[in-house]
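File shown: model_3.cif. Contents: mmCIF, C-alpha atoms and all ligand atoms.
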data_input
loop_
_atom_site.label_atom_id
_atom_site.label_comp_id
_atom_site.auth_asym_id
_atom_site.auth_seq_id
_atom_site.Cartn_x
_atom_site.Cartn_y
_atom_site.Cartn_z
CA MET A 857 -86.17 2.87 -46.67
CA ARG A 858 -84.51 5.54 -48.75
CA VAL A 859 -81.16 7.26 -48.64
CA PRO A 860 -81.66 11.04 -48.28
CA ILE A 861 -79.95 13.19 -50.92
CA LEU A 862 -79.22 16.83 -50.04
CA LYS A 863 -78.45 19.65 -52.43
CA LEU A 864 -75.82 22.29 -51.66
CA HIS A 865 -75.18 24.84 -54.44
CA ASN A 866 -74.38 22.70 -57.47
CA TYR A 867 -73.42 19.65 -55.42
CA LEU A 868 -75.40 16.75 -54.05
CA LEU A 869 -74.45 15.38 -50.63
CA VAL A 870 -75.28 11.89 -49.52
CA SER A 871 -74.48 10.20 -46.25
CA ILE A 872 -75.40 6.55 -46.17
CA GLN A 873 -76.56 5.88 -42.62
CA ILE A 874 -78.68 2.77 -43.14
CA GLU A 875 -77.85 -0.86 -43.83
CA LEU A 876 -77.88 -1.20 -47.61
CA ASP A 877 -79.84 -4.17 -48.86
CA ASP A 878 -79.96 -4.75 -52.62
CA GLN A 879 -83.32 -3.07 -53.07
CA THR A 880 -82.29 0.04 -51.15
CA ALA A 881 -79.03 0.23 -53.10
CA MET A 882 -80.86 0.08 -56.45
CA GLN A 883 -83.41 2.63 -55.27
CA PHE A 884 -80.57 4.92 -54.21
CA GLN A 885 -78.97 4.61 -57.65
CA GLU A 886 -82.24 5.58 -59.29
CA ASP A 887 -82.96 8.44 -56.87
CA LEU A 888 -79.48 9.89 -57.28
CA LEU A 889 -79.64 9.88 -61.07
CA SER A 890 -83.03 11.60 -61.12
CA LYS A 891 -81.78 14.14 -58.62
CA ILE A 892 -78.75 14.90 -60.82
CA HIS A 893 -81.10 15.31 -63.76
CA GLU A 894 -83.50 17.51 -61.80
CA THR A 895 -80.90 19.81 -60.28
CA GLY A 896 -78.18 19.78 -62.92
CA ALA A 897 -75.70 19.09 -60.15
CA THR A 898 -72.09 18.85 -61.34
CA GLY A 899 -70.70 17.02 -58.33
CA VAL A 900 -71.78 14.37 -55.82
CA VAL A 901 -70.18 13.43 -52.52
CA ILE A 902 -71.21 10.06 -51.09
CA ASP A 903 -70.11 9.57 -47.50
CA LEU A 904 -69.63 5.97 -46.38
CA THR A 905 -68.47 6.61 -42.79
CA SER A 906 -71.31 4.50 -41.32
CA VAL A 907 -71.14 1.73 -43.91
CA GLU A 908 -69.64 -1.44 -42.44
CA VAL A 909 -70.09 -3.90 -45.29
CA VAL A 910 -69.57 -3.37 -49.01
CA ASP A 911 -69.95 -6.65 -50.83
CA SER A 912 -69.60 -7.33 -54.56
CA PHE A 913 -73.17 -6.32 -55.34
CA ILE A 914 -73.02 -2.99 -53.54
CA ALA A 915 -69.57 -2.35 -55.03
CA LYS A 916 -71.04 -2.91 -58.49
CA VAL A 917 -73.89 -0.50 -57.76
CA PHE A 918 -71.39 2.15 -56.58
CA GLY A 919 -69.25 1.62 -59.68
CA ASP A 920 -72.33 1.93 -61.90
CA VAL A 921 -73.43 5.08 -60.10
CA VAL A 922 -70.07 6.68 -60.91
CA SER A 923 -70.26 5.79 -64.62
CA MET A 924 -73.89 6.80 -64.98
CA ALA A 925 -73.40 10.09 -63.13
CA ASP A 926 -70.39 10.74 -65.33
CA LEU A 927 -72.54 10.32 -68.45
CA MET A 928 -74.88 12.91 -67.00
CA GLY A 929 -72.05 15.33 -66.40
CA ALA A 930 -71.64 14.87 -62.65
CA LYS A 931 -68.46 13.79 -60.84
CA VAL A 932 -68.79 11.48 -57.85
CA VAL A 933 -66.41 11.37 -54.89
CA PHE A 934 -66.66 8.77 -52.10
CA THR A 935 -65.59 9.76 -48.61
CA GLY A 936 -65.10 8.12 -45.23
CA ILE A 937 -64.47 4.57 -46.42
CA GLN A 938 -63.62 2.56 -43.28
CA PRO A 939 -60.25 0.76 -43.24
CA ALA A 940 -61.99 -2.60 -42.76
CA VAL A 941 -64.18 -1.92 -45.79
CA SER A 942 -61.25 -0.97 -48.02
CA MET A 943 -59.39 -4.12 -46.95
CA THR A 944 -62.31 -6.44 -47.63
CA LEU A 945 -62.89 -4.81 -51.03
CA ILE A 946 -59.30 -5.49 -52.10
CA GLU A 947 -59.53 -9.08 -50.85
CA LEU A 948 -62.75 -9.51 -52.80
CA GLY A 949 -60.69 -8.50 -55.82
CA ILE A 950 -62.55 -5.24 -56.34
CA TYR A 951 -60.40 -2.27 -57.23
CA LEU A 952 -62.44 0.88 -57.53
CA LYS A 953 -59.69 2.42 -59.64
CA GLU A 954 -61.71 5.01 -61.47
CA VAL A 955 -63.45 6.11 -58.32
CA PRO A 956 -62.15 9.26 -56.64
CA THR A 957 -62.09 9.09 -52.86
CA ALA A 958 -61.35 11.50 -50.03
CA LEU A 959 -61.01 11.28 -46.28
CA ASP A 960 -64.14 13.15 -45.23
CA LEU A 961 -66.97 15.30 -46.51
CA GLU A 962 -64.91 18.47 -46.43
CA GLN A 963 -62.01 16.91 -48.34
CA GLY A 964 -64.55 15.43 -50.73
CA ILE A 965 -65.89 18.84 -51.66
CA ILE A 966 -62.36 20.18 -52.11
CA LYS A 967 -61.58 17.24 -54.38
CA LEU A 968 -64.72 17.82 -56.41
CA ARG A 969 -63.82 21.45 -56.89
CA GLN A 970 -60.37 20.47 -58.13
CA GLU A 971 -61.72 17.80 -60.47
CA LEU A 972 -64.28 20.19 -61.91
CA GLU A 973 -61.74 22.95 -62.47
CA GLU A 974 -59.48 20.59 -64.37
CA LYS A 975 -62.15 20.05 -66.99
CA MET B 272 -65.64 -28.37 -26.13
CA LYS B 273 -68.81 -26.31 -26.20
CA GLU B 274 -70.24 -25.83 -29.65
CA THR B 275 -73.14 -23.64 -30.59
CA VAL B 276 -75.00 -23.91 -33.84
CA SER B 277 -77.49 -21.42 -35.21
CA SER B 278 -78.92 -20.81 -38.63
CA VAL B 279 -80.63 -18.24 -40.82
CA ALA B 280 -83.01 -19.19 -43.64
CA ILE B 281 -82.44 -17.38 -46.94
CA LYS B 282 -85.73 -16.89 -48.74
CA LYS B 283 -86.10 -13.22 -49.48
CA GLU B 284 -83.70 -10.50 -50.35
CA TRP B 285 -83.71 -8.97 -46.90
CA ASP B 286 -82.45 -12.28 -45.45
CA ILE B 287 -79.07 -11.46 -47.03
CA VAL B 288 -78.82 -8.50 -44.66
CA GLY B 289 -80.22 -10.54 -41.77
CA ALA B 290 -77.63 -13.27 -42.27
CA ARG B 291 -74.66 -10.92 -42.43
CA GLN B 292 -75.87 -9.01 -39.36
CA ALA B 293 -76.24 -12.27 -37.43
CA GLY B 294 -72.76 -13.35 -38.53
CA ARG B 295 -71.19 -10.04 -37.60
CA GLN B 296 -72.84 -10.17 -34.18
CA LEU B 297 -71.55 -13.70 -33.60
CA SER B 298 -68.04 -12.83 -34.76
CA GLN B 299 -68.00 -9.86 -32.41
CA GLU B 300 -69.07 -12.06 -29.48
CA LEU B 301 -66.38 -14.57 -30.37
CA GLY B 302 -63.75 -11.84 -30.12
CA PHE B 303 -62.88 -11.21 -33.76
CA GLY B 304 -61.37 -7.80 -34.51
CA SER B 305 -63.21 -5.24 -36.61
CA VAL B 306 -61.46 -6.11 -39.88
CA ASP B 307 -62.23 -9.81 -39.45
CA GLN B 308 -65.83 -8.93 -38.57
CA ALA B 309 -66.08 -7.05 -41.86
CA ARG B 310 -64.47 -9.98 -43.73
CA ILE B 311 -66.94 -12.43 -42.19
CA ALA B 312 -69.97 -10.22 -42.81
CA THR B 313 -68.91 -9.67 -46.42
CA ALA B 314 -68.33 -13.39 -47.02
CA ILE B 315 -71.78 -14.20 -45.60
CA SER B 316 -73.33 -11.54 -47.80
CA GLU B 317 -71.76 -13.11 -50.90
CA LEU B 318 -72.85 -16.64 -49.98
CA ALA B 319 -76.37 -15.60 -49.02
CA ARG B 320 -76.80 -13.61 -52.23
CA ASN B 321 -75.64 -16.56 -54.31
CA ILE B 322 -78.27 -18.71 -52.62
CA TYR B 323 -80.95 -16.09 -53.21
CA LEU B 324 -79.92 -15.47 -56.85
CA TYR B 325 -79.16 -18.96 -58.10
CA ALA B 326 -81.06 -21.36 -55.85
CA LYS B 327 -83.93 -19.08 -54.67
CA GLU B 328 -83.73 -20.44 -51.15
CA GLY B 329 -81.43 -22.15 -48.73
CA GLU B 330 -79.82 -21.79 -45.35
CA ILE B 331 -76.74 -20.36 -43.69
CA THR B 332 -75.54 -22.17 -40.59
CA PHE B 333 -73.11 -20.78 -38.05
CA GLU B 334 -71.04 -22.93 -35.79
CA GLU B 335 -68.70 -21.68 -33.08
CA LEU B 336 -65.49 -23.68 -32.95
CA TYR B 337 -63.32 -23.90 -29.85
CA ASP B 338 -59.82 -25.21 -30.45
CA LEU B 339 -58.14 -23.21 -27.70
CA PRO B 340 -56.27 -20.95 -27.87
CA LYS B 341 -58.00 -20.62 -31.21
CA VAL B 342 -61.68 -19.92 -31.67
CA GLY B 343 -63.35 -20.08 -35.01
CA LEU B 344 -66.55 -19.36 -36.82
CA LYS B 345 -67.68 -21.96 -39.31
CA ILE B 346 -70.20 -20.85 -41.91
CA VAL B 347 -72.07 -23.33 -44.05
CA ALA B 348 -74.18 -22.08 -46.96
CA LYS B 349 -76.43 -24.79 -48.31
CA ASP B 350 -79.12 -24.93 -50.95
CA LYS B 351 -81.00 -27.42 -53.07
CA GLY B 352 -80.71 -25.35 -56.22
CA PRO B 353 -79.49 -26.31 -59.70
CA GLY B 354 -75.86 -26.70 -58.62
CA ILE B 355 -72.74 -25.47 -60.39
CA ASN B 356 -71.61 -27.13 -63.62
CA ASP B 357 -68.07 -25.93 -63.89
CA LEU B 358 -66.55 -25.83 -60.43
CA SER B 359 -63.13 -24.58 -61.54
CA ALA B 360 -64.62 -21.75 -63.62
CA VAL B 361 -66.61 -20.27 -60.73
CA MET B 362 -63.45 -19.98 -58.62
CA GLN B 363 -61.90 -17.67 -61.20
CA ASP B 364 -62.16 -13.94 -60.62
CA GLY B 365 -64.61 -12.34 -63.00
CA TYR B 366 -66.58 -15.47 -63.89
CA SER B 367 -70.30 -14.77 -63.63
CA THR B 368 -73.41 -16.16 -65.29
CA SER B 369 -75.54 -13.28 -64.02
CA GLY B 370 -73.68 -10.17 -65.13
CA GLY B 371 -72.20 -9.78 -61.66
CA LEU B 372 -68.57 -8.93 -60.97
CA GLY B 373 -67.83 -12.64 -60.45
CA ALA B 374 -66.00 -11.69 -57.29
CA GLY B 375 -68.18 -13.62 -54.86
CA LEU B 376 -66.78 -17.13 -54.53
CA PRO B 377 -63.08 -16.39 -55.17
CA GLY B 378 -63.48 -13.40 -52.84
CA VAL B 379 -64.97 -15.50 -50.03
CA LYS B 380 -62.03 -17.88 -50.35
CA ARG B 381 -59.59 -15.00 -49.87
CA LEU B 382 -61.56 -13.40 -47.02
CA MET B 383 -61.78 -16.61 -45.00
CA ASP B 384 -59.15 -19.11 -43.76
CA GLU B 385 -60.69 -22.37 -44.94
CA PHE B 386 -62.95 -22.89 -47.92
CA ASP B 387 -64.68 -25.89 -49.42
CA LEU B 388 -67.19 -26.04 -52.25
CA VAL B 389 -69.30 -29.07 -53.09
CA SER B 390 -71.95 -28.92 -55.79
CA ASP B 391 -73.92 -31.28 -57.98
CA GLY B 392 -77.38 -31.55 -59.49
CA GLU B 393 -78.84 -31.78 -55.98
CA GLY B 394 -77.55 -28.45 -54.79
CA THR B 395 -74.57 -26.52 -53.52
CA LYS B 396 -72.77 -26.45 -50.19
CA VAL B 397 -70.05 -23.99 -49.29
CA THR B 398 -68.21 -24.52 -46.02
CA THR B 399 -65.86 -21.85 -44.78
CA ILE B 400 -64.06 -21.06 -41.52
CA LYS B 401 -62.38 -18.03 -40.03
CA TRP B 402 -60.03 -18.49 -37.07
CA ALA B 403 -59.14 -15.98 -34.39
CA ARG B 404 -56.39 -16.28 -31.80
CA LEU B 405 -57.46 -15.16 -28.34
N1 LIG C 1001 -75.46 -21.51 -54.77
C1 LIG C 1001 -75.25 -21.55 -56.09
N2 LIG C 1001 -76.03 -22.34 -56.90
C2 LIG C 1001 -75.82 -22.38 -58.23
N3 LIG C 1001 -74.88 -21.65 -58.89
C3 LIG C 1001 -74.08 -20.84 -58.16
C4 LIG C 1001 -74.22 -20.74 -56.73
N4 LIG C 1001 -73.27 -19.89 -56.28
C5 LIG C 1001 -72.60 -19.46 -57.36
N5 LIG C 1001 -73.07 -20.03 -58.50
C6 LIG C 1001 -72.54 -19.85 -59.88
O1 LIG C 1001 -71.18 -19.42 -59.78
C7 LIG C 1001 -70.97 -18.20 -60.47
C8 LIG C 1001 -69.91 -17.38 -59.75
O2 LIG C 1001 -70.40 -16.97 -58.46
P1 LIG C 1001 -69.78 -15.67 -57.79
O3 LIG C 1001 -70.49 -15.42 -56.52
O4 LIG C 1001 -68.28 -15.86 -57.73
O5 LIG C 1001 -70.05 -14.52 -58.83
P2 LIG C 1001 -71.46 -13.83 -59.22
O6 LIG C 1001 -72.48 -14.19 -58.21
O7 LIG C 1001 -71.78 -14.18 -60.63
O8 LIG C 1001 -71.12 -12.28 -59.16
P3 LIG C 1001 -70.88 -11.42 -57.81
O9 LIG C 1001 -70.91 -12.37 -56.65
O10 LIG C 1001 -69.53 -10.80 -57.98
O11 LIG C 1001 -71.97 -10.42 -57.76
C9 LIG C 1001 -72.33 -17.55 -60.55
O12 LIG C 1001 -72.44 -16.66 -61.65
C10 LIG C 1001 -73.26 -18.76 -60.67
O13 LIG C 1001 -73.33 -19.19 -62.02
MG MG C 1002 -72.11 -14.01 -56.15
#
Rewritten as structure tokens:
Amino acid sequence: MRVPILKLHNYLLVSIQIELDDQTAMQFQEDLLSKIHETGATGVVIDLTSVEVVDSFIAKVFGDVVSMADLMGAKVVFTGIQPAVSMTLIELGIYLKEVPTALDLEQGIIKLRQELEEK
Amino acid sequence: MKETVSSVAIKKEWDIVGARQAGRQLSQELGFGSVDQARIATAISELARNIYLYAKEGEITFEELYDLPKVGLKIVAKDKGPGINDLSAVMQDGYSTSGGLGAGLPGVKRLMDEFDLVSDGEGTKVTTIKWARL
């Protein structure tokens, strides 16, 4: 199974609607990076509204995605993180400090625009 | 009191997802709230991945505990892998021999209410419990 990645102007939009096993998470990382390369997108919004579990492996993949996308000139914003997910992440000891977040897709795009203008 | 035991074998990567889904389902049936369900599913995911990564295969067992008015879910993750040499090191945040975040075991301890780790050359056994008040 693959996570679909949509393009909108110079942004990529991703909504993770499937249960992420390790393989799917790695595949997603790869697909997203090639898509950034292909399209020259400057911003990515990843919506996690339907994601119920983020464990240490998936958190690492997300963190890596942010750093790698950054190297390629694209900013990543995560949206829709469920309260239960944010609580378990903190208890796991994972602080996604560098990772910009927003409430929903719309706020995510606004945030991206702000971040990109600041550059 | 009534006790139900079930288990999930961990042999392939997808079993990590299978185990955490089974655990979440059980925790929901037992009446855990959504945050506790997420804690339990995450803890199972960590334990199952450790089995898959370090011992190749093993088993996660679920046991429903009834100590009314408390109910609990006991999770035992067991393998016959190489075991852990330095038990105190692995409980420190950030300690990993695989380039991981090293958040797994110390994280599971924080997510759950009771935690016990036994390991030697014969394998590793992690026993952990989450309690809910009905
Ligand atoms: N079942 C096991 N058998 C053998 N060694 C284990 C087992 N579980 C954990 N370990 C050892 O303990 C270390 C710490 O485990 P822990 O789950 O805390 O972190 P990690 O797996 O390295 O990284 P993360 O879980 O954050 O992705 C591992 O790197 C590994 O060396
Ligand atoms: Mg681990």
May I ask which of the residues B:Tyr366, B:Trp285, B:Tyr337, B:Tyr325 is the closest one to chain A, counting all atoms listed in the file? B:Trp285
Using only C-alpha atoms: which of B:Ala309, B:Ile400, B:Ile281, B:Val389 has the shortest distance to chain A: B:Ala309
Counting all atoms listed in the file, the residue among A:Ala940, A:Ile965, A:Ala915, A:Ile946 that lies closest to ligand MG 1002 (chain C) is A:Ala915
Rounded to one decimal in Å, what is the spacing between atom CA of Leu388 of chain B and atom CA of Ser305 of chain B? 26.3 Å
Residues within 7 Å of ligand MG 1002 (chain C), counting only C-alpha atoms and all ligand atoms: report them as a PyMOL selection string. chain B and resi 317-318+320-321+371+373-376
Could the residues in this selection be saved with C-alpha atoms as a CSV table (one decimal), keeping the file's coordinate frame?
chain,number,residue,atom,x,y,z
B,317,GLU,CA,-71.8,-13.1,-50.9
B,318,LEU,CA,-72.8,-16.6,-50.0
B,320,ARG,CA,-76.8,-13.6,-52.2
B,321,ASN,CA,-75.6,-16.6,-54.3
B,371,GLY,CA,-72.2,-9.8,-61.7
B,373,GLY,CA,-67.8,-12.6,-60.4
B,374,ALA,CA,-66.0,-11.7,-57.3
B,375,GLY,CA,-68.2,-13.6,-54.9
B,376,LEU,CA,-66.8,-17.1,-54.5
Throw together the list of residues within 9 Å of ligand LIG 1001 (chain C), counting all atoms listed in the file, and drop it here as a PyMOL selection string. (chain A and resi 911-916+948) or (chain B and resi 317-327+329+348-358+360-379+390+394-397)
Using all atoms listed in the file, what does the table of chain A residues within 8 Å of chain B look like, with each row giving the shortest atom pair and its distance in Å to one decimal, sorted by chain and ascending number, as CSV?
residue,atom,partner,partner_atom,distance
A:Glu875,CA,B:Val288,CA,7.7
A:Leu876,CA,B:Val288,CA,7.9
A:Asp877,CA,B:Val288,CA,6.1
A:Asp878,CA,B:Glu284,CA,7.2
A:Gln879,CA,B:Glu284,CA,7.9
A:Glu908,CA,B:Ala309,CA,6.7
A:Val909,CA,B:Thr313,CA,6.0
A:Val910,CA,B:Thr313,CA,6.8
A:Asp911,CA,B:Thr313,CA,5.4
A:Ser912,CA,B:Ala374,CA,6.3
A:Phe913,CA,B:Gly371,CA,7.3
A:Lys916,CA,B:Leu372,CA,7.0
A:Pro939,CA,B:Val306,CA,7.7
A:Ala940,CA,B:Val306,CA,4.6
A:Val941,CA,B:Ala309,CA,6.7
A:Met943,CA,B:Val306,CA,7.6
A:Thr944,CA,B:Arg310,CA,5.7
A:Glu947,CA,B:Arg381,CA,6.0
A:Leu948,CA,B:Gly378,CA,4.0
A:Gly949,CA,B:Ala374,CA,6.4
A:Ile950,CA,B:Ala374,CA,7.4
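Note that the spacing between atom CA of Ser278 of chain B and atom CA of Gly294 of chain B amounts to 9.7 Å.
For the pair atom CA of Leu862 of chain A and atom CA of Lys953 of chain A, the separation is 26.1 Å.
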Skipping near chain neighbours, those fewer than 6 positions away, what residues fall within 12 Å of Ile892 of chain A using all atoms listed in the file, listed as a VMD selection string? chain A and resid 861 to 863 866 to 869 885 to 886 898 to 900 921 to 922 924 to 932
I'd like the neighbourhood of Thr332 of chain B as a PyMOL selection string, where a residue qualifies if any of its atoms comes within 9 Å (using all atoms listed in the file), though same-chain residues fewer than 3 positions away should be ignored. chain B and resi 276-280+345-349
Quick one: write out the picked residues with C-alpha atoms as a PDB file, in the frame of the given file?
ATOM      1  CA  VAL B 276     -75.000 -23.910 -33.840  1.00  0.00           C
ATOM      2  CA  SER B 277     -77.490 -21.420 -35.210  1.00  0.00           C
ATOM      3  CA  SER B 278     -78.920 -20.810 -38.630  1.00  0.00           C
ATOM      4  CA  VAL B 279     -80.630 -18.240 -40.820  1.00  0.00           C
ATOM      5  CA  ALA B 280     -83.010 -19.190 -43.640  1.00  0.00           C
ATOM      6  CA  LYS B 345     -67.680 -21.960 -39.310  1.00  0.00           C
ATOM      7  CA  ILE B 346     -70.200 -20.850 -41.910  1.00  0.00           C
ATOM      8  CA  VAL B 347     -72.070 -23.330 -44.050  1.00  0.00           C
ATOM      9  CA  ALA B 348     -74.180 -22.080 -46.960  1.00  0.00           C
ATOM     10  CA  LYS B 349     -76.430 -24.790 -48.310  1.00  0.00           C
TER      11      LYS B 349
END
Pick from A:Leu864, A:Ala881, A:Ala897, A:Val933: nearest to Thr957 of chain A, with all atoms listed in the file counted? A:Val933
Residue list as a PyMOL selection string for point (-80.2, 5.2, -50.1), cut-off 6 Å, all atoms listed in the file: chain A and resi 858-859+880-881+884
Within 12 Å of (-63.8, 18.8, -51.5) (file coordinates; all atoms listed in the file), which protein or nucleic acid residues are there? I'd like them as JSON, numbers by chain. {"A": [867, 869, 899, 900, 901, 902, 903, 931, 932, 933, 934, 935, 956, 957, 958, 959, 960, 961, 962, 963, 964, 965, 966, 967, 968, 969, 970, 971, 972, 973]}
